[in-house]
$ cat structure.pdb   # PDB, C-alpha atoms, pLDDT in the B column
MODEL        1
ATOM      1  CA  MET A   1     -90.409  37.305  -6.288  1.00 67.00           C
ATOM      2  CA  LYS A   2     -87.983  38.588  -3.638  1.00 57.00           C
ATOM      3  CA  ALA A   3     -88.327  35.361  -1.700  1.00 59.00           C
ATOM      4  CA  ARG A   4     -87.421  33.341  -4.799  1.00 65.00           C
ATOM      5  CA  LEU A   5     -84.347  35.484  -5.428  1.00 56.00           C
ATOM      6  CA  CYS A   6     -83.240  35.107  -1.810  1.00 49.00           C
ATOM      7  CA  LEU A   7     -83.760  31.365  -1.969  1.00 55.00           C
ATOM      8  CA  ALA A   8     -81.804  31.133  -5.246  1.00 56.00           C
ATOM      9  CA  ALA A   9     -78.956  33.186  -3.761  1.00 53.00           C
ATOM     10  CA  LEU A  10     -78.936  30.976  -0.682  1.00 53.00           C
ATOM     11  CA  LEU A  11     -78.817  27.803  -2.756  1.00 57.00           C
ATOM     12  CA  VAL A  12     -75.929  29.158  -4.830  1.00 55.00           C
ATOM     13  CA  CYS A  13     -73.917  30.552  -1.911  1.00 50.00           C
ATOM     14  CA  ALA A  14     -74.444  27.776   0.643  1.00 49.00           C
ATOM     15  CA  PRO A  15     -72.068  25.274  -0.981  1.00 50.00           C
ATOM     16  CA  LEU A  16     -69.435  27.970  -1.365  1.00 43.00           C
ATOM     17  CA  ALA A  17     -69.694  28.941   2.293  1.00 42.00           C
ATOM     18  CA  ALA A  18     -69.421  25.318   3.376  1.00 41.00           C
ATOM     19  CA  TYR A  19     -66.270  24.930   1.268  1.00 39.00           C
ATOM     20  CA  ALA A  20     -64.615  27.912   2.955  1.00 39.00           C
ATOM     21  CA  VAL A  21     -65.104  26.500   6.465  1.00 37.00           C
ATOM     22  CA  ASP A  22     -61.973  24.795   7.753  1.00 56.00           C
ATOM     23  CA  ASP A  23     -62.092  21.151   8.629  1.00 67.00           C
ATOM     24  CA  PRO A  24     -62.201  20.835  12.444  1.00 69.00           C
ATOM     25  CA  SER A  25     -59.967  17.764  12.207  1.00 69.00           C
ATOM     26  CA  GLU A  26     -57.185  20.111  11.071  1.00 76.00           C
ATOM     27  CA  MET A  27     -57.111  21.780  14.457  1.00 82.00           C
ATOM     28  CA  LEU A  28     -54.691  20.777  17.198  1.00 84.00           C
ATOM     29  CA  PRO A  29     -56.275  19.435  20.397  1.00 80.00           C
ATOM     30  CA  ASP A  30     -54.323  21.876  22.603  1.00 81.00           C
ATOM     31  CA  PRO A  31     -55.873  25.379  22.296  1.00 87.00           C
ATOM     32  CA  LYS A  32     -52.523  27.092  22.996  1.00 91.00           C
ATOM     33  CA  GLN A  33     -50.791  25.142  20.243  1.00 89.00           C
ATOM     34  CA  GLU A  34     -53.689  25.815  17.874  1.00 91.00           C
ATOM     35  CA  ALA A  35     -53.506  29.549  18.595  1.00 92.00           C
ATOM     36  CA  ARG A  36     -49.752  29.470  17.926  1.00 92.00           C
ATOM     37  CA  ALA A  37     -50.256  27.576  14.672  1.00 92.00           C
ATOM     38  CA  GLU A  38     -52.900  30.074  13.560  1.00 93.00           C
ATOM     39  CA  ALA A  39     -50.607  33.005  14.404  1.00 94.00           C
ATOM     40  CA  ILE A  40     -47.780  31.475  12.367  1.00 94.00           C
ATOM     41  CA  GLY A  41     -50.133  30.615   9.502  1.00 93.00           C
ATOM     42  CA  ALA A  42     -51.403  34.196   9.442  1.00 94.00           C
ATOM     43  CA  GLN A  43     -47.838  35.309   8.607  1.00 93.00           C
ATOM     44  CA  LEU A  44     -47.442  32.883   5.699  1.00 94.00           C
ATOM     45  CA  ARG A  45     -48.614  33.615   2.167  1.00 92.00           C
ATOM     46  CA  CYS A  46     -50.742  31.178   0.232  1.00 91.00           C
ATOM     47  CA  LEU A  47     -48.631  30.431  -2.823  1.00 88.00           C
ATOM     48  CA  VAL A  48     -51.756  29.912  -4.935  1.00 90.00           C
ATOM     49  CA  CYS A  49     -53.814  32.936  -3.850  1.00 84.00           C
ATOM     50  CA  GLN A  50     -50.754  35.118  -3.104  1.00 77.00           C
ATOM     51  CA  ASN A  51     -52.656  37.854  -1.277  1.00 85.00           C
ATOM     52  CA  GLU A  52     -54.095  35.656   1.450  1.00 91.00           C
ATOM     53  CA  SER A  53     -52.511  33.920   4.371  1.00 92.00           C
ATOM     54  CA  ILE A  54     -52.603  30.142   4.492  1.00 93.00           C
ATOM     55  CA  GLU A  55     -55.103  30.467   7.359  1.00 91.00           C
ATOM     56  CA  ASP A  56     -57.521  32.462   5.189  1.00 90.00           C
ATOM     57  CA  SER A  57     -57.140  30.457   1.991  1.00 89.00           C
ATOM     58  CA  SER A  58     -59.153  27.399   1.014  1.00 88.00           C
ATOM     59  CA  ALA A  59     -56.640  26.261  -1.638  1.00 90.00           C
ATOM     60  CA  ASP A  60     -55.344  22.704  -1.375  1.00 91.00           C
ATOM     61  CA  LEU A  61     -51.740  23.895  -1.057  1.00 91.00           C
ATOM     62  CA  ALA A  62     -52.712  26.226   1.806  1.00 92.00           C
ATOM     63  CA  ARG A  63     -54.403  23.308   3.557  1.00 92.00           C
ATOM     64  CA  ASP A  64     -51.228  21.245   3.146  1.00 93.00           C
ATOM     65  CA  LEU A  65     -49.105  24.096   4.527  1.00 93.00           C
ATOM     66  CA  ARG A  66     -51.456  24.438   7.517  1.00 94.00           C
ATOM     67  CA  HIS A  67     -50.907  20.736   8.213  1.00 94.00           C
ATOM     68  CA  VAL A  68     -47.136  21.229   8.028  1.00 94.00           C
ATOM     69  CA  VAL A  69     -47.246  24.190  10.432  1.00 95.00           C
ATOM     70  CA  ARG A  70     -49.403  22.246  12.892  1.00 94.00           C
ATOM     71  CA  ARG A  71     -47.120  19.227  12.682  1.00 94.00           C
ATOM     72  CA  HIS A  72     -44.094  21.423  13.507  1.00 95.00           C
ATOM     73  CA  VAL A  73     -45.962  23.137  16.355  1.00 94.00           C
ATOM     74  CA  ALA A  74     -47.028  19.752  17.774  1.00 92.00           C
ATOM     75  CA  ALA A  75     -43.392  18.599  17.562  1.00 93.00           C
ATOM     76  CA  GLY A  76     -42.458  21.462  19.898  1.00 92.00           C
ATOM     77  CA  GLU A  77     -40.515  23.617  17.457  1.00 93.00           C
ATOM     78  CA  SER A  78     -40.292  27.357  18.088  1.00 94.00           C
ATOM     79  CA  ASP A  79     -42.010  29.928  15.883  1.00 93.00           C
ATOM     80  CA  ARG A  80     -38.602  30.943  14.542  1.00 95.00           C
ATOM     81  CA  GLN A  81     -37.682  27.359  13.635  1.00 96.00           C
ATOM     82  CA  ILE A  82     -40.975  26.867  11.798  1.00 95.00           C
ATOM     83  CA  MET A  83     -40.621  30.155   9.911  1.00 95.00           C
ATOM     84  CA  ASP A  84     -36.990  29.348   9.033  1.00 95.00           C
ATOM     85  CA  TRP A  85     -38.061  25.933   7.716  1.00 96.00           C
ATOM     86  CA  MET A  86     -40.759  27.510   5.538  1.00 95.00           C
ATOM     87  CA  VAL A  87     -38.375  30.179   4.209  1.00 94.00           C
ATOM     88  CA  ALA A  88     -35.702  27.564   3.485  1.00 95.00           C
ATOM     89  CA  ARG A  89     -38.225  25.547   1.521  1.00 94.00           C
ATOM     90  CA  TYR A  90     -40.187  28.310  -0.274  1.00 92.00           C
ATOM     91  CA  GLY A  91     -38.002  31.432  -0.024  1.00 90.00           C
ATOM     92  CA  ASN A  92     -38.933  34.792   1.482  1.00 88.00           C
ATOM     93  CA  PHE A  93     -41.939  34.969  -0.847  1.00 88.00           C
ATOM     94  CA  ILE A  94     -43.793  32.693   1.596  1.00 91.00           C
ATOM     95  CA  ARG A  95     -43.825  35.543   4.132  1.00 92.00           C
ATOM     96  CA  LEU A  96     -46.641  38.047   3.885  1.00 89.00           C
ATOM     97  CA  ARG A  97     -44.221  40.621   5.332  1.00 88.00           C
ATOM     98  CA  PRO A  98     -40.749  39.772   4.026  1.00 83.00           C
ATOM     99  CA  PRO A  99     -37.740  41.104   5.960  1.00 84.00           C
ATOM    100  CA  PHE A 100     -36.170  44.385   4.863  1.00 84.00           C
ATOM    101  CA  THR A 101     -33.131  43.575   2.716  1.00 84.00           C
ATOM    102  CA  LEU A 102     -31.274  45.180  -0.184  1.00 86.00           C
ATOM    103  CA  THR A 103     -33.461  43.212  -2.587  1.00 82.00           C
ATOM    104  CA  THR A 104     -36.687  44.502  -1.036  1.00 80.00           C
ATOM    105  CA  LEU A 105     -35.233  48.016  -0.976  1.00 84.00           C
ATOM    106  CA  LEU A 106     -34.630  47.787  -4.729  1.00 84.00           C
ATOM    107  CA  LEU A 107     -38.075  46.292  -5.261  1.00 82.00           C
ATOM    108  CA  TRP A 108     -39.861  49.089  -3.404  1.00 83.00           C
ATOM    109  CA  GLY A 109     -37.450  51.795  -4.551  1.00 89.00           C
ATOM    110  CA  ALA A 110     -37.579  50.957  -8.276  1.00 91.00           C
ATOM    111  CA  PRO A 111     -40.883  52.783  -8.939  1.00 93.00           C
ATOM    112  CA  VAL A 112     -39.570  55.890  -7.190  1.00 92.00           C
ATOM    113  CA  LEU A 113     -36.337  55.735  -9.202  1.00 92.00           C
ATOM    114  CA  ALA A 114     -38.311  55.248 -12.438  1.00 94.00           C
ATOM    115  CA  LEU A 115     -40.519  58.241 -11.597  1.00 95.00           C
ATOM    116  CA  LEU A 116     -37.473  60.398 -10.858  1.00 95.00           C
ATOM    117  CA  ALA A 117     -35.797  59.288 -14.096  1.00 95.00           C
ATOM    118  CA  GLY A 118     -38.963  60.095 -16.070  1.00 96.00           C
ATOM    119  CA  LEU A 119     -39.313  63.527 -14.453  1.00 96.00           C
ATOM    120  CA  THR A 120     -35.637  64.257 -15.106  1.00 96.00           C
ATOM    121  CA  ALA A 121     -35.986  63.230 -18.755  1.00 95.00           C
ATOM    122  CA  ALA A 122     -39.138  65.353 -19.160  1.00 94.00           C
ATOM    123  CA  PHE A 123     -37.512  68.354 -17.462  1.00 93.00           C
ATOM    124  CA  THR A 124     -34.367  68.020 -19.608  1.00 94.00           C
ATOM    125  CA  SER A 125     -36.448  67.702 -22.776  1.00 92.00           C
ATOM    126  CA  LEU A 126     -38.489  70.817 -21.929  1.00 90.00           C
ATOM    127  CA  ARG A 127     -35.322  72.810 -21.169  1.00 89.00           C
ATOM    128  CA  ARG A 128     -33.766  71.854 -24.497  1.00 88.00           C
ATOM    129  CA  ARG A 129     -36.907  72.914 -26.401  1.00 87.00           C
ATOM    130  CA  ARG A 130     -36.863  76.319 -24.739  1.00 84.00           C
ATOM    131  CA  ASP A 131     -33.232  76.893 -25.671  1.00 72.00           C
TER     132      ASP A 131
ENDMDL
END
$ encode --input "structure.pdb" --output "structure tokens"
Amino acid sequence: MKARLCLAALLVCAPLAAYAVDDPSEMLPDPKQEARAEAIGAQLRCLVCQNESIEDSSADLARDLRHVVRRHVAAGESDRQIMDWMVARYGNFIRLRPPFTLTTLLLWGAPVLALLAGLTAAFTSLRRRRD
């Protein structure tokens, strides 16, 4: 019985595992360039999955973005130029770690401000009831 369950699990999971493996033809022939492309791709968000880098995602759009990164790396562009091109095209959302700006400060600070406003309102309401 256990052997049948293991075999069934293997038959179900095997195609999924094969789908997650990257196509070796995607890789650049130069190992240094490939390592650079992977490092850049690890910093870019998959726009479909949103919580994975394009290197970790198996989405079609992530595959296309990996091709774009490798094409720019093969053309000799710097990491900064490639990242600037991606940000110009997709905005800062493409970065897994966006730069610290006023917008990100408001984004991360809004929950704290909402909590403080709620505590202030609760404290004021309790004080008025006592009086």
$ closest_residue --input "structure.pdb" --among "A:Val68, A:Leu115, A:Leu44, A:Ile54" --to "A:Gly91" --atoms "only C-alpha atoms"
A:Leu44
$ resolve_selection --input "structure.pdb" --expression "the PyMOL selection byres ((chain A and resi 69) around 8)" --output "list in words"
Ala37, Ile40, Gly41, Leu65, Arg66, His67, Val68, Arg70, Arg71, His72, Val73 and Ile82 of chain A
$ closest_residue --input "structure.pdb" --among "A:Glu38, A:Gly76, A:Gln43, A:Ala114" --to "A:Pro98" --atoms "all atoms listed in the file"
A:Gln43
$ resolve_selection --input "structure.pdb" --expression "the PyMOL selection byres ((chain A and resi 59) around 12)" --output "VMD selection string"
chain A and resid 19 to 22 45 to 50 52 to 58 60 to 66
$ closest_residue --input "structure.pdb" --among "A:Leu96, A:Met83, A:Ala88, A:Met27" --to "A:Ala42" --atoms "only C-alpha atoms"
A:Leu96
$ atom_distance --input "structure.pdb" --atom1 "atom CA of A:Asn92" --atom2 "atom CA of A:Leu116"
28.5 Å
$ atom_distance --input "structure.pdb" --atom1 "atom CA of A:Lys32" --atom2 "atom CA of A:Glu77"
13.7 Å
$ atom_distance --input "structure.pdb" --atom1 "atom CA of A:Asp79" --atom2 "atom CA of A:Arg36"
8.0 Å
$ axis_aligned_box --input "structure.pdb" --around "stretch 37-56 of chain A" --padding-each-side "3 Å" --output "AutoDock Vina command-line options"
--center_x -52.5 --center_y 32.7 --center_z 4.9 --size_x 16.1 --size_y 16.3 --size_z 25.6
